[in-house]
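**Student:** Below you will find the structure I want to go over with you.
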Amino acid sequence: MNSILLAVVLVASIGLIAGVGLAVASVVMAVPKDETAEAVRECLPGANCGACGYSGCDGYAAALSKGETKETNLCAPGGNETAKQVAAILGLSAGEIKPMAAVVHCNGTSENSVIKLQYQGVQSCTMASQLFGGQKACVYGCLGYGDCVKACPYDAIQICDGVARVDPLACKACKKCIATCPKGLIELVPLYETKAAVLCKNHNKGAFTRKECKVGCIGCMKCTKVCESDAIKVENNTAHVDYDKCIGCGKCMEACPVGAIHIMTLGK
């Protein structure tokens, strides 16, 4: 009986000592809270998308609190309202966030694109692209298996006729789809502004592109010759638009012989 009581006392003593030790250690080794960072973090949407250039919302909040950056307008999903709230906490001026939305630069639908093989593997663009570039003859085109759909936290992307399409009003410009697309087809375009967009990223020469897709850019440079704003250039056999220069006049779209260029006003 005495041995049992002794064991109980011994175990209780060890537990008490350990508990006191942990309590002291929690005080001595406690990491001080950054109240400013916590207040900033409360303002951020929690998407942890990395669009701000930091590891996530916590990283951005910590950088603002420590003074590593004074740019309060880096959170695209949060928009201008979040920028104002963060600026108020830090006593800084709120920078303006230009509304943007993602656009998939491909129009290689089942009607427009040529299919070179039947893919029956894992339904993933990343996986399919490893098999001869995917099922489409154009190895630069959207494969339509929805990696971007899965990555989008705002349910802003759908697959329509084999090509990913973005709802600009649902898009928060978090860039997760951009990082996910194995073909590099997705780009941010200004919202509520009329701009030209080249819905093609094919870098082959025109003769090859014509065989692969009805509406693929052939790099003919007719668009560059009619653009009075010097907003469109042809590089690596594909036209690219500078959205800061583009005024949305539509002349490039009229000049394009294959219909690769579209004039769009996202969000309207």
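A note on labels: chains of the structure tokens are A, B, ... as shown, every chain counts residues from 1, and ligands are counted from 1 in their shown order.
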Env of A:Met264: 10 Å cut, atoms = only C-alpha atoms, seq-sep filter 6 positions within chain, self excluded. Answer as JSON, numbers by chain.

**Tutor:** {"A": [189, 190, 191, 192, 193, 194, 195, 196, 197, 248, 250]}

**Student:** Mind checking which residues fall within 7 Å of stretch 38-49 of chain A, counting only C-alpha atoms, ignoring those fewer than 5 positions away in the same chain, and posting them as an MDAnalysis selection string?

**Tutor:** chainID A and resid 56:58 61 78 82 85:86 174 176

**Student:** Could you write out the selected residues, including all heavy atoms, as a short mmCIF file (atom, residue, chain, number, x, y, z; two decimals), in the first residue's frame?

**Tutor:**
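Below is the file result.cif, written as the result:
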```
data_model
loop_
_atom_site.label_atom_id
_atom_site.label_comp_id
_atom_site.auth_asym_id
_atom_site.auth_seq_id
_atom_site.Cartn_x
_atom_site.Cartn_y
_atom_site.Cartn_z
N GLY A 56 2.08 35.44 -48.32
CA GLY A 56 0.64 35.39 -48.10
C GLY A 56 0.22 36.59 -47.30
O GLY A 56 0.98 37.56 -47.13
N CYS A 57 -1.00 36.55 -46.77
CA CYS A 57 -1.52 37.69 -46.01
C CYS A 57 -0.68 37.97 -44.77
O CYS A 57 -0.42 39.13 -44.43
CB CYS A 57 -2.97 37.43 -45.62
SG CYS A 57 -4.09 37.34 -47.05
N ASP A 58 -0.25 36.92 -44.08
CA ASP A 58 0.58 37.11 -42.89
C ASP A 58 1.91 37.77 -43.24
O ASP A 58 2.39 38.66 -42.52
CB ASP A 58 0.85 35.76 -42.20
CG ASP A 58 -0.40 35.21 -41.52
OD1 ASP A 58 -1.28 36.02 -41.16
OD2 ASP A 58 -0.49 33.99 -41.34
N ALA A 61 1.29 41.47 -44.10
CA ALA A 61 0.99 42.23 -42.89
C ALA A 61 2.26 42.48 -42.08
O ALA A 61 2.48 43.59 -41.56
CB ALA A 61 -0.04 41.49 -42.05
N GLY A 78 -8.34 42.35 -52.20
CA GLY A 78 -8.97 43.26 -51.25
C GLY A 78 -9.45 44.55 -51.87
O GLY A 78 -10.42 45.15 -51.40
N THR A 82 -9.67 47.74 -48.94
CA THR A 82 -8.65 47.16 -48.06
C THR A 82 -7.45 48.07 -47.96
O THR A 82 -6.88 48.25 -46.87
CB THR A 82 -8.23 45.77 -48.58
OG1 THR A 82 -9.33 44.88 -48.47
CG2 THR A 82 -7.06 45.22 -47.80
N GLN A 85 -8.18 50.82 -45.48
CA GLN A 85 -8.19 50.34 -44.09
C GLN A 85 -6.77 50.13 -43.57
O GLN A 85 -6.45 50.52 -42.44
CB GLN A 85 -8.99 49.04 -44.00
CG GLN A 85 -10.47 49.19 -44.27
CD GLN A 85 -11.20 47.86 -44.29
OE1 GLN A 85 -10.61 46.81 -44.01
NE2 GLN A 85 -12.48 47.88 -44.65
N VAL A 86 -5.92 49.53 -44.40
CA VAL A 86 -4.53 49.28 -44.01
C VAL A 86 -3.79 50.61 -43.83
O VAL A 86 -3.03 50.79 -42.86
CB VAL A 86 -3.82 48.41 -45.06
CG1 VAL A 86 -2.33 48.32 -44.77
CG2 VAL A 86 -4.45 47.02 -45.09
N CYS A 174 -6.11 37.58 -58.26
CA CYS A 174 -5.19 37.01 -57.28
C CYS A 174 -3.99 36.33 -57.92
O CYS A 174 -3.03 35.99 -57.23
CB CYS A 174 -5.93 36.02 -56.38
SG CYS A 174 -6.46 34.49 -57.21
N LYS A 176 -3.60 33.35 -59.02
CA LYS A 176 -3.41 31.91 -58.80
C LYS A 176 -3.56 31.12 -60.10
O LYS A 176 -2.84 30.15 -60.33
CB LYS A 176 -4.40 31.40 -57.75
CG LYS A 176 -4.01 31.74 -56.33
CD LYS A 176 -4.80 30.93 -55.32
CE LYS A 176 -4.26 31.14 -53.92
NZ LYS A 176 -4.96 30.29 -52.93
#
```

**Student:** What's the 9 Å shell around A:Glu71, counting only C-alpha atoms, without same-chain residues fewer than 5 positions away, as a VMD selection string?

**Tutor:** chain A and resid 64 83 87 92 to 95

**Student:** Using the chain letters and numbers from this document, which residues of stretch 89-214 of chain A does DSSP assign to helix (DSSP H, G or I), as a list in words?

**Tutor:**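 Answer for stretch 89-214 of chain A restricted to helix (DSSP H, G or I) is Ile89, Leu90, Cys125, Thr126, Met127, Ala128, Asp147, Cys148, Val149, Lys150, Ala151, Lys176, Cys177, Ile178, Ala179, Thr180, Gly206, Ala207, Phe208, Thr209, Arg210, Lys211 and Glu212 of chain A.
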
**Student:** Point out the residue among A:Ala137, A:Leu74, A:Cys246, A:Ala128 with the least atom-to-atom distance to A:Ile97, counting only C-alpha atoms.

**Tutor:**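 Between A:Ala137, A:Leu74, A:Cys246, A:Ala128, the residue approaching A:Ile97 most closely is A:Leu74.
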
**Student:** Please identify all polymer residues within 6 Å of stretch 209-223 of chain A, counting only C-alpha atoms, omitting same-chain residues fewer than 4 positions from it, and present them as a ChimeraX atom specification.

**Tutor:** /A:112-114,137-138,200,204,237-238,252,255,258-260

**Student:** Filtering to N, CA, C and O atoms, could you give me those residues as a PDB file, in the first residue's frame?

**Tutor:**
```pdb
ATOM      1  N   ASN A 112     -12.327  25.594 -83.626  1.00  0.00           N
ATOM      2  CA  ASN A 112     -11.187  26.319 -84.190  1.00  0.00           C
ATOM      3  C   ASN A 112      -9.888  25.523 -84.223  1.00  0.00           C
ATOM      4  O   ASN A 112      -9.049  25.737 -85.102  1.00  0.00           O
ATOM      5  N   SER A 113      -9.701  24.630 -83.266  1.00  0.00           N
ATOM      6  CA  SER A 113      -8.411  23.944 -83.139  1.00  0.00           C
ATOM      7  C   SER A 113      -8.447  22.541 -83.745  1.00  0.00           C
ATOM      8  O   SER A 113      -9.493  21.912 -83.849  1.00  0.00           O
ATOM      9  N   VAL A 114      -7.274  22.083 -84.105  1.00  0.00           N
ATOM     10  CA  VAL A 114      -7.110  20.742 -84.673  1.00  0.00           C
ATOM     11  C   VAL A 114      -6.653  19.800 -83.563  1.00  0.00           C
ATOM     12  O   VAL A 114      -5.733  20.113 -82.795  1.00  0.00           O
ATOM     13  N   ALA A 137      -3.209  20.163 -81.710  1.00  0.00           N
ATOM     14  CA  ALA A 137      -2.064  20.331 -82.597  1.00  0.00           C
ATOM     15  C   ALA A 137      -1.237  21.532 -82.172  1.00  0.00           C
ATOM     16  O   ALA A 137      -0.006  21.526 -82.265  1.00  0.00           O
ATOM     17  N   CYS A 138      -1.900  22.570 -81.683  1.00  0.00           N
ATOM     18  CA  CYS A 138      -1.196  23.750 -81.182  1.00  0.00           C
ATOM     19  C   CYS A 138      -0.715  23.459 -79.761  1.00  0.00           C
ATOM     20  O   CYS A 138      -1.524  23.337 -78.832  1.00  0.00           O
ATOM     21  N   CYS A 200      -4.282  34.543 -78.423  1.00  0.00           N
ATOM     22  CA  CYS A 200      -3.394  33.513 -78.971  1.00  0.00           C
ATOM     23  C   CYS A 200      -1.991  33.708 -78.409  1.00  0.00           C
ATOM     24  O   CYS A 200      -1.544  34.838 -78.233  1.00  0.00           O
ATOM     25  N   ASN A 204       4.645  29.644 -83.294  1.00  0.00           N
ATOM     26  CA  ASN A 204       5.097  29.062 -84.555  1.00  0.00           C
ATOM     27  C   ASN A 204       4.947  30.069 -85.694  1.00  0.00           C
ATOM     28  O   ASN A 204       4.224  31.058 -85.581  1.00  0.00           O
ATOM     29  N   ASN A 237       6.798  35.736 -83.326  1.00  0.00           N
ATOM     30  CA  ASN A 237       5.682  35.353 -84.216  1.00  0.00           C
ATOM     31  C   ASN A 237       4.291  35.563 -83.621  1.00  0.00           C
ATOM     32  O   ASN A 237       3.305  35.075 -84.169  1.00  0.00           O
ATOM     33  N   THR A 238       4.192  36.278 -82.507  1.00  0.00           N
ATOM     34  CA  THR A 238       2.894  36.507 -81.879  1.00  0.00           C
ATOM     35  C   THR A 238       2.739  37.979 -81.505  1.00  0.00           C
ATOM     36  O   THR A 238       3.684  38.595 -81.006  1.00  0.00           O
ATOM     37  N   CYS A 252      -6.726  47.411 -85.033  1.00  0.00           N
ATOM     38  CA  CYS A 252      -5.948  46.177 -85.115  1.00  0.00           C
ATOM     39  C   CYS A 252      -6.861  44.974 -85.346  1.00  0.00           C
ATOM     40  O   CYS A 252      -6.534  44.057 -86.094  1.00  0.00           O
ATOM     41  N   ALA A 255      -7.862  44.851 -88.916  1.00  0.00           N
ATOM     42  CA  ALA A 255      -6.766  44.493 -89.817  1.00  0.00           C
ATOM     43  C   ALA A 255      -6.358  43.029 -89.700  1.00  0.00           C
ATOM     44  O   ALA A 255      -5.785  42.473 -90.640  1.00  0.00           O
ATOM     45  N   VAL A 258      -7.030  36.828 -89.401  1.00  0.00           N
ATOM     46  CA  VAL A 258      -7.481  35.537 -88.862  1.00  0.00           C
ATOM     47  C   VAL A 258      -8.445  35.678 -87.679  1.00  0.00           C
ATOM     48  O   VAL A 258      -8.955  34.681 -87.167  1.00  0.00           O
ATOM     49  N   GLY A 259      -8.703  36.895 -87.267  1.00  0.00           N
ATOM     50  CA  GLY A 259      -9.627  37.106 -86.155  1.00  0.00           C
ATOM     51  C   GLY A 259      -9.040  36.746 -84.798  1.00  0.00           C
ATOM     52  O   GLY A 259      -9.763  36.335 -83.885  1.00  0.00           O
ATOM     53  N   ALA A 260      -7.722  36.912 -84.634  1.00  0.00           N
ATOM     54  CA  ALA A 260      -7.076  36.585 -83.367  1.00  0.00           C
ATOM     55  C   ALA A 260      -7.211  37.697 -82.337  1.00  0.00           C
ATOM     56  O   ALA A 260      -7.042  37.466 -81.140  1.00  0.00           O
TER      57      ALA A 260
END
```

**Student:** Mind pulling up the distance from atom CA of A:Val139 to atom CA of A:Phe208?

**Tutor:**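 The value is 11.4 Å.
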
**Student:** Identify, on the basis of only C-alpha atoms, every residue whose closest approach to A:Ser129 does not exceed 9 Å; exclude the query and any residue fewer than 6 positions from it along the same chain; express the result as a list in words.

**Tutor:**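 In the requested format, the answer is Gln135, Val139, Leu143, Pro182 and Lys183 of chain A.
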
**Student:** May I have the residues from that selection written out with N, CA, C and O atoms, as a PDB file, in the first residue's frame?

**Tutor:**
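Output saved as selection16.pdb:
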```pdb
ATOM      1  N   GLN A 135      -3.393  17.293 -76.304  1.00  0.00           N
ATOM      2  CA  GLN A 135      -4.153  16.689 -77.401  1.00  0.00           C
ATOM      3  C   GLN A 135      -4.313  17.595 -78.620  1.00  0.00           C
ATOM      4  O   GLN A 135      -4.632  17.121 -79.713  1.00  0.00           O
ATOM      5  N   VAL A 139       0.577  23.343 -79.582  1.00  0.00           N
ATOM      6  CA  VAL A 139       1.119  23.000 -78.262  1.00  0.00           C
ATOM      7  C   VAL A 139       1.095  24.183 -77.311  1.00  0.00           C
ATOM      8  O   VAL A 139       1.433  24.050 -76.135  1.00  0.00           O
ATOM      9  N   LEU A 143      -5.654  23.591 -72.881  1.00  0.00           N
ATOM     10  CA  LEU A 143      -6.026  22.179 -72.958  1.00  0.00           C
ATOM     11  C   LEU A 143      -7.396  21.903 -72.367  1.00  0.00           C
ATOM     12  O   LEU A 143      -7.988  20.851 -72.603  1.00  0.00           O
ATOM     13  N   PRO A 182      -0.021  25.746 -67.169  1.00  0.00           N
ATOM     14  CA  PRO A 182       1.270  25.268 -67.672  1.00  0.00           C
ATOM     15  C   PRO A 182       1.661  25.877 -69.016  1.00  0.00           C
ATOM     16  O   PRO A 182       2.817  25.799 -69.416  1.00  0.00           O
ATOM     17  N   LYS A 183       0.695  26.481 -69.698  1.00  0.00           N
ATOM     18  CA  LYS A 183       0.967  27.074 -71.004  1.00  0.00           C
ATOM     19  C   LYS A 183       1.258  28.575 -70.917  1.00  0.00           C
ATOM     20  O   LYS A 183       1.617  29.193 -71.924  1.00  0.00           O
TER      21      LYS A 183
END
```

**Student:** Can you check which residues of stretch 60-219 of chain A DSSP gives as strand (DSSP E) on the backbone and send them as number ranges by chain?

**Tutor:** A: 100-104, 157-160, 163-166, 186-190, 194-198

**Student:** Could you give me, as a ChimeraX atom specification, the residues within 9 Å of A:Cys142, counting only C-alpha atoms and dropping anything in the same chain fewer than 5 positions from it?

**Tutor:** /A:104-109,125,136,162-164,181,183,185

**Student:** What would the file look like if the residues just selected were written as a PDB file, in the first residue's frame with N, CA and C atoms?

**Tutor:**
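Saved the output as result24.pdb:
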```
ATOM      1  N   VAL A 104      -7.863  34.610 -70.559  1.00  0.00           N
ATOM      2  CA  VAL A 104      -7.158  33.465 -71.141  1.00  0.00           C
ATOM      3  C   VAL A 104      -6.887  33.773 -72.608  1.00  0.00           C
ATOM      4  N   HIS A 105      -5.627  33.868 -72.957  1.00  0.00           N
ATOM      5  CA  HIS A 105      -5.256  34.256 -74.320  1.00  0.00           C
ATOM      6  C   HIS A 105      -5.235  33.043 -75.252  1.00  0.00           C
ATOM      7  N   CYS A 106      -6.407  32.487 -75.438  1.00  0.00           N
ATOM      8  CA  CYS A 106      -6.559  31.375 -76.376  1.00  0.00           C
ATOM      9  C   CYS A 106      -8.017  31.292 -76.792  1.00  0.00           C
ATOM     10  N   ASN A 107      -8.246  31.052 -78.056  1.00  0.00           N
ATOM     11  CA  ASN A 107      -9.599  30.845 -78.569  1.00  0.00           C
ATOM     12  C   ASN A 107      -9.671  29.526 -79.332  1.00  0.00           C
ATOM     13  N   GLY A 108      -8.841  28.598 -78.878  1.00  0.00           N
ATOM     14  CA  GLY A 108      -8.756  27.299 -79.559  1.00  0.00           C
ATOM     15  C   GLY A 108      -9.861  26.352 -79.158  1.00  0.00           C
ATOM     16  N   THR A 109     -11.077  26.708 -79.459  1.00  0.00           N
ATOM     17  CA  THR A 109     -12.233  25.867 -79.162  1.00  0.00           C
ATOM     18  C   THR A 109     -12.208  24.608 -80.042  1.00  0.00           C
ATOM     19  N   CYS A 125      -4.299  19.726 -66.969  1.00  0.00           N
ATOM     20  CA  CYS A 125      -3.538  20.394 -68.033  1.00  0.00           C
ATOM     21  C   CYS A 125      -2.043  20.142 -67.865  1.00  0.00           C
ATOM     22  N   LYS A 136      -4.101  18.886 -78.464  1.00  0.00           N
ATOM     23  CA  LYS A 136      -4.289  19.812 -79.576  1.00  0.00           C
ATOM     24  C   LYS A 136      -3.028  19.925 -80.419  1.00  0.00           C
ATOM     25  N   GLY A 162     -13.955  23.534 -74.388  1.00  0.00           N
ATOM     26  CA  GLY A 162     -12.547  23.144 -74.385  1.00  0.00           C
ATOM     27  C   GLY A 162     -11.563  24.232 -74.046  1.00  0.00           C
ATOM     28  N   VAL A 163     -12.060  25.424 -73.703  1.00  0.00           N
ATOM     29  CA  VAL A 163     -11.164  26.545 -73.384  1.00  0.00           C
ATOM     30  C   VAL A 163     -11.615  27.201 -72.081  1.00  0.00           C
ATOM     31  N   ALA A 164     -10.674  27.567 -71.247  1.00  0.00           N
ATOM     32  CA  ALA A 164     -10.997  28.243 -69.982  1.00  0.00           C
ATOM     33  C   ALA A 164     -11.459  29.666 -70.255  1.00  0.00           C
ATOM     34  N   CYS A 181      -1.441  27.790 -64.756  1.00  0.00           N
ATOM     35  CA  CYS A 181      -1.522  27.424 -66.179  1.00  0.00           C
ATOM     36  C   CYS A 181      -0.162  26.986 -66.721  1.00  0.00           C
ATOM     37  N   LYS A 183       0.695  26.481 -69.698  1.00  0.00           N
ATOM     38  CA  LYS A 183       0.967  27.074 -71.004  1.00  0.00           C
ATOM     39  C   LYS A 183       1.258  28.575 -70.917  1.00  0.00           C
ATOM     40  N   LEU A 185      -0.913  31.038 -70.465  1.00  0.00           N
ATOM     41  CA  LEU A 185      -1.897  31.695 -71.329  1.00  0.00           C
ATOM     42  C   LEU A 185      -2.687  32.805 -70.637  1.00  0.00           C
TER      43      LEU A 185
END
```
